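Undergrad: Quick one, work.cif (mmCIF, C-alpha atoms):
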data_query
#
loop_
_atom_site.label_atom_id
_atom_site.label_comp_id
_atom_site.auth_asym_id
_atom_site.auth_seq_id
_atom_site.Cartn_x
_atom_site.Cartn_y
_atom_site.Cartn_z
CA LEU A 29 0.00 0.00 0.00
CA GLY A 30 1.11 3.52 -0.72
CA ALA A 31 2.27 5.79 2.09
CA VAL A 32 0.41 8.98 3.01
CA ASP A 33 2.69 11.87 2.28
CA ALA A 34 0.36 14.67 3.43
CA LEU A 35 -3.09 15.34 4.84
CA MET A 36 -5.11 18.34 3.73
CA THR A 37 -8.10 19.64 5.69
CA PHE A 38 -10.64 22.24 4.68
CA ALA A 39 -12.72 24.35 7.10
CA LEU A 40 -15.62 26.47 5.94
CA ASP A 41 -17.11 28.97 8.31
CA VAL A 42 -20.84 28.89 7.64
CA THR A 43 -21.81 31.00 10.64
CA GLU A 44 -22.56 34.10 8.56
CA GLN A 45 -24.45 32.05 5.98
CA VAL A 46 -26.60 30.45 8.68
CA ARG A 47 -27.21 33.81 10.29
CA ALA A 48 -28.16 35.34 6.94
CA ARG A 49 -30.53 32.46 6.18
CA ILE A 50 -32.21 32.83 9.58
CA GLN A 51 -32.58 36.57 9.09
CA THR A 52 -34.08 36.00 5.65
CA GLN A 53 -36.55 33.46 7.03
CA ASP A 54 -37.52 35.86 9.83
CA LEU A 55 -38.04 38.65 7.30
CA ILE A 56 -40.23 36.43 5.11
CA LEU A 57 -42.28 35.42 8.14
CA ARG A 58 -42.76 39.05 9.21
CA LEU A 59 -43.80 40.03 5.69
CA GLN A 60 -46.30 37.18 5.56
CA GLN A 61 -47.72 38.18 8.95
CA GLU A 62 -47.94 41.81 7.88
CA ARG A 63 -49.72 40.80 4.66
CA GLU A 64 -52.24 38.76 6.66
CA ILE A 65 -52.80 41.66 9.06
CA ARG A 66 -53.32 44.08 6.17
CA GLU A 67 -55.79 41.71 4.53
CA GLN A 68 -57.72 41.43 7.81
CA PHE A 69 -57.62 45.21 8.17
CA VAL A 70 -58.97 45.80 4.65
CA SER A 71 -61.72 43.22 5.25
CA ALA A 72 -62.78 44.85 8.54
CA LEU A 73 -62.55 48.35 7.05
CA THR A 74 -64.67 47.37 4.04
CA HIS A 75 -67.31 45.77 6.26
CA ASP A 76 -67.46 48.73 8.64
CA LEU A 77 -67.69 51.30 5.84
CA ARG A 78 -70.38 49.42 3.94
CA SER A 79 -72.73 49.27 6.92
CA PRO A 80 -73.32 53.04 7.35
CA LEU A 81 -73.21 53.64 3.59
CA SER A 82 -75.90 51.00 3.05
CA ALA A 83 -77.98 52.51 5.84
CA ALA A 84 -77.63 55.99 4.32
CA ARG A 85 -78.60 54.67 0.89
CA MET A 86 -81.70 52.97 2.29
CA SER A 87 -82.72 56.17 4.11
CA ALA A 88 -82.26 58.16 0.90
CA GLN A 89 -84.53 55.74 -0.95
CA LEU A 90 -87.19 56.06 1.75
CA LEU A 91 -86.80 59.83 1.61
CA ALA A 92 -87.47 59.81 -2.13
CA ARG A 93 -90.63 57.74 -1.65
CA GLY A 94 -92.21 60.07 0.89
CA PRO A 95 -91.10 63.65 0.09
CA ASP A 96 -94.44 65.06 1.27
CA ASP A 97 -94.31 63.46 4.73
CA PRO A 98 -92.50 65.93 7.06
CA ASP A 99 -91.91 63.33 9.79
CA SER A 100 -90.45 60.85 7.30
CA VAL A 101 -88.26 63.54 5.73
CA ARG A 102 -86.93 64.63 9.12
CA LYS A 103 -86.31 61.08 10.34
CA ASN A 104 -84.58 59.84 7.19
CA SER A 105 -82.55 63.02 6.79
CA ALA A 106 -81.25 62.57 10.35
CA ARG A 107 -80.32 58.95 9.61
CA ILE A 108 -78.44 59.94 6.45
CA ILE A 109 -76.48 62.62 8.32
CA ALA A 110 -75.70 60.27 11.22
CA ASN A 111 -74.39 57.52 8.94
CA ILE A 112 -72.31 59.93 6.87
CA ASP A 113 -70.84 61.24 10.14
CA ARG A 114 -69.93 57.63 11.04
CA VAL A 115 -68.09 57.20 7.75
CA ASP A 116 -66.32 60.53 8.24
CA SER A 117 -65.24 59.45 11.73
CA MET A 118 -63.82 56.16 10.41
CA ILE A 119 -61.85 57.94 7.70
CA ARG A 120 -60.54 60.47 10.24
CA ASP A 121 -59.41 57.63 12.52
CA LEU A 122 -57.57 55.98 9.65
CA LEU A 123 -55.85 59.21 8.58
CA ASP A 124 -54.85 60.02 12.16
CA ALA A 125 -53.49 56.50 12.73
CA ASN A 126 -51.34 56.84 9.60
CA LEU A 127 -50.13 60.24 10.87
CA ILE A 128 -49.08 58.65 14.16
CA ARG A 129 -47.38 55.77 12.34
CA ALA A 130 -45.35 58.32 10.38
CA GLY A 131 -44.07 59.74 13.67
CA GLU A 132 -46.21 62.88 13.62
CA THR A 133 -48.16 64.33 16.55
CA LEU A 134 -51.93 64.62 16.32
CA PRO A 135 -53.10 68.22 16.07
CA ILE A 136 -55.24 69.26 19.03
CA HIS A 137 -57.07 72.45 19.95
CA ALA A 138 -57.01 72.77 23.72
CA ALA A 139 -59.67 74.96 25.28
CA GLU A 140 -61.28 75.23 28.70
CA CYS A 141 -63.81 72.49 29.37
CA ASP A 142 -65.31 70.38 32.14
CA LEU A 143 -63.88 66.90 31.67
CA HIS A 144 -66.38 65.33 34.06
CA ARG A 145 -69.26 66.61 31.96
CA GLN A 146 -67.57 65.49 28.73
CA LEU A 147 -67.10 61.95 30.06
CA GLN A 148 -70.71 61.80 31.25
CA VAL A 149 -72.01 62.91 27.85
CA THR A 150 -69.78 60.36 26.09
CA LEU A 151 -70.93 57.50 28.32
CA ASP A 152 -74.58 58.50 27.87
CA GLU A 153 -74.11 58.33 24.09
CA LEU A 154 -72.40 54.94 24.35
CA ALA A 155 -75.21 53.67 26.56
CA THR A 156 -77.69 54.20 23.73
CA VAL A 157 -75.76 51.56 21.77
CA HIS A 158 -74.48 49.19 24.47
CA GLY A 159 -77.05 49.65 27.21
CA ASP A 160 -76.43 50.39 30.88
CA ARG A 161 -72.90 48.98 30.94
CA TYR A 162 -70.95 52.00 32.20
CA HIS A 163 -70.38 53.41 35.67
CA LEU A 164 -68.65 56.78 36.03
CA VAL A 165 -66.69 57.45 39.21
CA SER A 166 -65.92 61.17 39.36
CA LYS A 167 -66.46 64.31 41.37
CA ALA A 168 -67.76 67.23 39.33
CA PRO A 169 -66.56 69.56 38.04
CA VAL A 170 -63.06 68.85 36.64
CA VAL A 171 -62.11 71.94 34.66
CA GLY A 172 -58.92 72.35 32.64
CA PHE A 173 -57.59 72.96 29.15
CA TRP A 174 -57.88 70.00 26.79
CA ASP A 175 -59.12 69.01 23.36
CA CYS A 176 -62.25 67.35 24.72
CA ALA A 177 -63.35 66.09 21.29
CA SER A 178 -60.16 64.04 20.89
CA ILE A 179 -60.40 62.79 24.49
CA GLN A 180 -63.93 61.67 23.69
CA ARG A 181 -62.56 59.65 20.74
CA ALA A 182 -59.98 58.04 23.02
CA LEU A 183 -62.61 57.18 25.64
CA GLU A 184 -64.94 55.76 22.97
CA ASN A 185 -62.16 53.47 21.73
CA LEU A 186 -61.36 52.22 25.24
CA CYS A 187 -65.02 51.70 26.17
CA ASN A 188 -65.88 49.98 22.89
CA ASN A 189 -62.92 47.63 23.37
CA ALA A 190 -64.11 46.87 26.90
CA VAL A 191 -67.51 45.89 25.49
CA LYS A 192 -66.08 43.86 22.61
CA TYR A 193 -63.44 41.90 24.51
CA GLY A 194 -64.52 42.08 28.15
CA SER A 195 -67.05 40.06 30.10
CA PRO A 196 -70.60 40.69 28.82
CA ARG A 197 -71.98 40.21 32.35
CA GLU A 198 -69.89 42.79 34.19
CA ARG A 199 -70.19 46.56 34.24
CA ILE A 200 -67.41 48.76 32.89
CA SER A 201 -66.04 51.34 35.30
CA VAL A 202 -64.71 54.70 34.12
CA GLN A 203 -62.91 56.68 36.81
CA LEU A 204 -61.75 60.29 36.66
CA THR A 205 -59.34 61.61 39.28
CA ALA A 206 -57.67 65.00 39.34
CA SER A 207 -54.87 66.82 41.09
CA ALA A 208 -53.68 70.38 40.68
CA ASP A 209 -51.38 69.43 37.79
CA GLU A 210 -52.76 66.24 36.26
CA VAL A 211 -55.87 64.20 35.56
CA GLU A 212 -56.26 60.45 35.14
CA ILE A 213 -58.98 58.65 33.21
CA SER A 214 -59.10 54.90 33.76
CA VAL A 215 -61.34 52.32 32.07
CA HIS A 216 -61.71 48.99 33.89
CA ASN A 217 -63.33 45.79 32.66
CA TRP A 218 -63.34 42.11 33.56
CA GLY A 219 -62.63 39.33 31.09
CA GLN A 220 -59.73 37.49 29.49
CA PRO A 221 -56.56 39.24 30.69
CA ILE A 222 -53.94 40.64 28.33
CA SER A 223 -50.62 38.83 28.78
CA SER A 224 -47.57 40.80 29.91
CA ASP A 225 -45.86 40.13 26.57
CA GLU A 226 -48.78 41.57 24.64
CA GLN A 227 -49.07 44.59 26.94
CA ASN A 228 -45.68 45.80 25.66
CA GLY A 229 -46.87 46.07 22.07
CA ILE A 230 -50.60 46.61 22.37
CA PHE A 231 -50.46 50.30 21.36
CA LYS A 232 -48.60 49.55 18.12
CA TYR A 233 -50.21 50.10 14.74
CA PHE A 234 -52.22 47.05 13.53
CA HIS A 235 -51.56 45.16 16.78
CA ARG A 236 -54.39 43.04 18.17
CA ALA A 237 -54.25 41.08 21.42
CA ALA A 238 -55.12 37.40 21.60
CA ALA A 239 -58.60 38.17 22.98
CA ALA A 240 -59.23 40.44 20.00
CA ARG A 241 -57.93 37.93 17.45
CA SER A 242 -60.10 35.15 18.86
CA SER A 243 -63.18 37.38 19.11
CA ALA A 244 -65.98 37.39 16.56
CA ASN A 245 -65.73 41.19 16.60
CA ALA A 246 -63.49 42.22 13.73
CA GLY A 247 -61.31 45.24 14.43
CA TRP A 248 -58.87 47.46 12.62
CA GLY A 249 -56.02 47.25 15.11
CA ILE A 250 -55.61 51.05 15.23
CA GLY A 251 -57.91 52.06 18.11
CA LEU A 252 -55.26 51.89 20.83
CA THR A 253 -52.77 53.59 18.52
CA LEU A 254 -55.19 56.52 18.40
CA VAL A 255 -55.59 56.49 22.18
CA LYS A 256 -51.81 56.69 22.58
CA GLY A 257 -51.67 59.47 19.99
CA VAL A 258 -54.32 61.51 21.84
CA ALA A 259 -52.45 61.08 25.13
CA GLU A 260 -49.11 62.14 23.66
CA ALA A 261 -50.69 65.09 21.82
CA HIS A 262 -51.76 66.32 25.27
CA ARG A 263 -48.19 65.77 26.56
CA GLY A 264 -49.44 62.77 28.52
CA SER A 265 -49.28 58.99 28.40
CA VAL A 266 -51.42 55.85 28.42
CA SER A 267 -50.70 52.52 30.12
CA VAL A 268 -52.37 49.17 30.71
CA THR A 269 -52.39 46.62 33.52
CA SER A 270 -54.20 43.33 33.19
CA SER A 271 -54.63 40.17 35.25
CA ALA A 272 -57.35 37.65 36.05
CA ARG A 273 -57.39 38.91 39.65
CA GLU A 274 -57.57 42.65 38.99
CA GLY A 275 -59.15 42.82 35.54
CA THR A 276 -57.93 45.07 32.72
CA ILE A 277 -57.32 48.77 33.33
CA PHE A 278 -56.31 51.33 30.72
CA THR A 279 -55.16 54.60 32.27
CA LEU A 280 -54.85 57.89 30.40
CA ARG A 281 -52.73 60.53 32.19
CA ILE A 282 -52.68 64.10 30.89
CA PRO A 283 -51.67 67.46 32.36
CA ARG A 284 -54.37 69.77 33.67
CA ASP A 285 -53.39 72.33 31.04
CA ALA A 286 -52.52 70.83 27.65
CA ARG A 287 -52.13 74.09 25.75
CA SER A 288 -48.99 74.10 23.62
CA ASP A 289 -47.68 77.35 25.08
CA CYS A 290 -47.68 75.99 28.64
#
Before we go any further, please render this structure as structure tokens.

TA:
Amino acid sequence: LGAVDALMTFALDVTEQVRARIQTQDLILRLQQEREIREQFVSALTHDLRSPLSAARMSAQLLARGPDDPDSVRKNSARIIANIDRVDSMIRDLLDANLIRAGETLPIHAAECDLHRQLQVTLDELATVHGDRYHLVSKAPVVGFWDCASIQRALENLCNNAVKYGSPRERISVQLTASADEVEISVHNWGQPISSDEQNGIFKYFHRAAAARSSANAGWGIGLTLVKGVAEAHRGSVSVTSSAREGTIFTLRIPRDARSDC
């Protein structure tokens, strides 16, 4: 047999190749997840926009059939206006969410108002849709400088989420507390808790918690993004705590005076 004169070995470092392949796979997975989220968003958006548009169209048809009936004209005209306002609100939410995603601050117009009264009016309006589900804990009045219309939008998002994803048998508590410099609005509901991992990303654009994803109620995934945007536009913040023992609490903290020159 022949003798071995030399032995050659080859070593190939594949660490970077493996790392690159893993990164590529992660990127593909994220893109697939984002595509699925966008498809769900478009589906929910289309459904939600069609409902008020269909209702407005039906009211317009009824209006055309009874132009000489003052009561019918008044009733159907009010329905058309209300449904167009719903569509306008949805479009505004979408535009504002995209503004926040681009890193911009929501424009607000802070003026003197009674926040206690604004919360009571908002909850009364919500009660016409969801029934006697809300309990306001507050001492009137709570006067300061805020954009109460945008705070109403934030409260509506939090309360609607509490109805959609909370326990249908328990009341939803809205608490307003105030100090000389700051006010807090908290919305509490019982139901499936939000895990600590999900709490960290729940205010992100298009994010939906497990309870929302498993719910029959389709959502856009931008409501909490808007809540965060409203809080930050007032130079405040929003946070969440959630557990089976304590329930879920979203807390909005804003300064007593949110005017930009303060």

Undergrad: Which polymer residues have any atom within 10 Å of an atom of Asp124 of chain A, counting all atoms listed in the file, with same-chain residues fewer than 3 positions away left out, as a list in words?

TA: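 Here the answer would be Met118, Ile119, Arg120, Asp121, Leu127, Ile128, Arg129, Ala130, Glu132, Thr133, Leu134, Pro135, Ile250, Thr253, Leu254, Gly257 and Val258 of chain A.
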
Undergrad: I need the residue nearest Leu204 of chain A from this list: A:Asn217, A:Thr279, A:Ser87, A:Ser270. Use only C-alpha atoms for the distance.

TA: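 Closest to Leu204 of chain A, using only C-alpha atoms: A:Thr279.
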
Undergrad: From the set A:Asn188, A:Asn228, A:Gln220, A:Gln89, which residue has the shortest atom-to-atom contact distance to Ser105 of chain A, counting only C-alpha atoms?

TA: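 Checking each of A:Asn188, A:Asn228, A:Gln220, A:Gln89 against Ser105 of chain A, counting only C-alpha atoms, the winner is A:Gln89.
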
Undergrad: Counting only C-alpha atoms, which residues come within 10 Å of (-66.2, 63.8, 27.5), with the point read in the file's coordinates, and could you list them as a list in words?

TA: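 Residues with an atom at most 10 Å from (-66.2, 63.8, 27.5): Cys141, Asp142, Leu143, His144, Arg145, Gln146, Leu147, Gln148, Val149, Thr150, Leu151, Asp152, Asp175, Cys176, Ala177, Ser178, Ile179, Gln180, Arg181, Ala182, Leu183 and Glu184 of chain A.
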
Undergrad: Given the file above and the PyMOL selection byres ((chain A and resi 164) around 7), which residues are selected, and can you give them as JSON, numbers by chain?

TA: {"A": [162, 163, 165, 166, 201, 202, 203]}

Undergrad: Starting from the displayed file, determine the output of the PyMOL selection byres ((chain A and resi 263) around 9) and express the residue list as an MDAnalysis selection string.

TA: chainID A and resid 258:262 264:265 281:283 286 288

Undergrad: What's around His158 of chain A at 12 Å? Count all atoms listed in the file, leave out sequence neighbours fewer than 3 positions away in its own chain, and write the answer as a PyMOL selection string.

TA: chain A and resi 151-155+161-162+184+187-192+196+199-200

Undergrad: Please return the centre and edge lengths, in Å to one decimal, of a box with edges along x, y and z that contains all listed atoms of segment 262-276 of chain A, widened by 3 Å on every side, as AutoDock Vina command-line options.

TA:
--center_x -53.7 --center_y 52.0 --center_z 32.5 --size_x 17.0 --size_y 34.7 --size_z 20.4

Undergrad: Just how far from atom CA of Ser195 of chain A is atom CA of Thr269 of chain A, in Å to one decimal?

TA: 16.4 Å

Undergrad: Evaluate the PyMOL selection byres ((chain A and resi 219) around 8) here and jot the selected residues down as a ChimeraX atom specification.

TA: /A:193-195,217-218,220-221,272,275-276

Undergrad: Mind pulling up the distance from atom CA of Ile136 of chain A to atom CA of Gly251 of chain A?

TA: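 According to the coordinates, atom CA of Gly251 of chain A and atom CA of Ile136 of chain A are separated by 17.4 Å.
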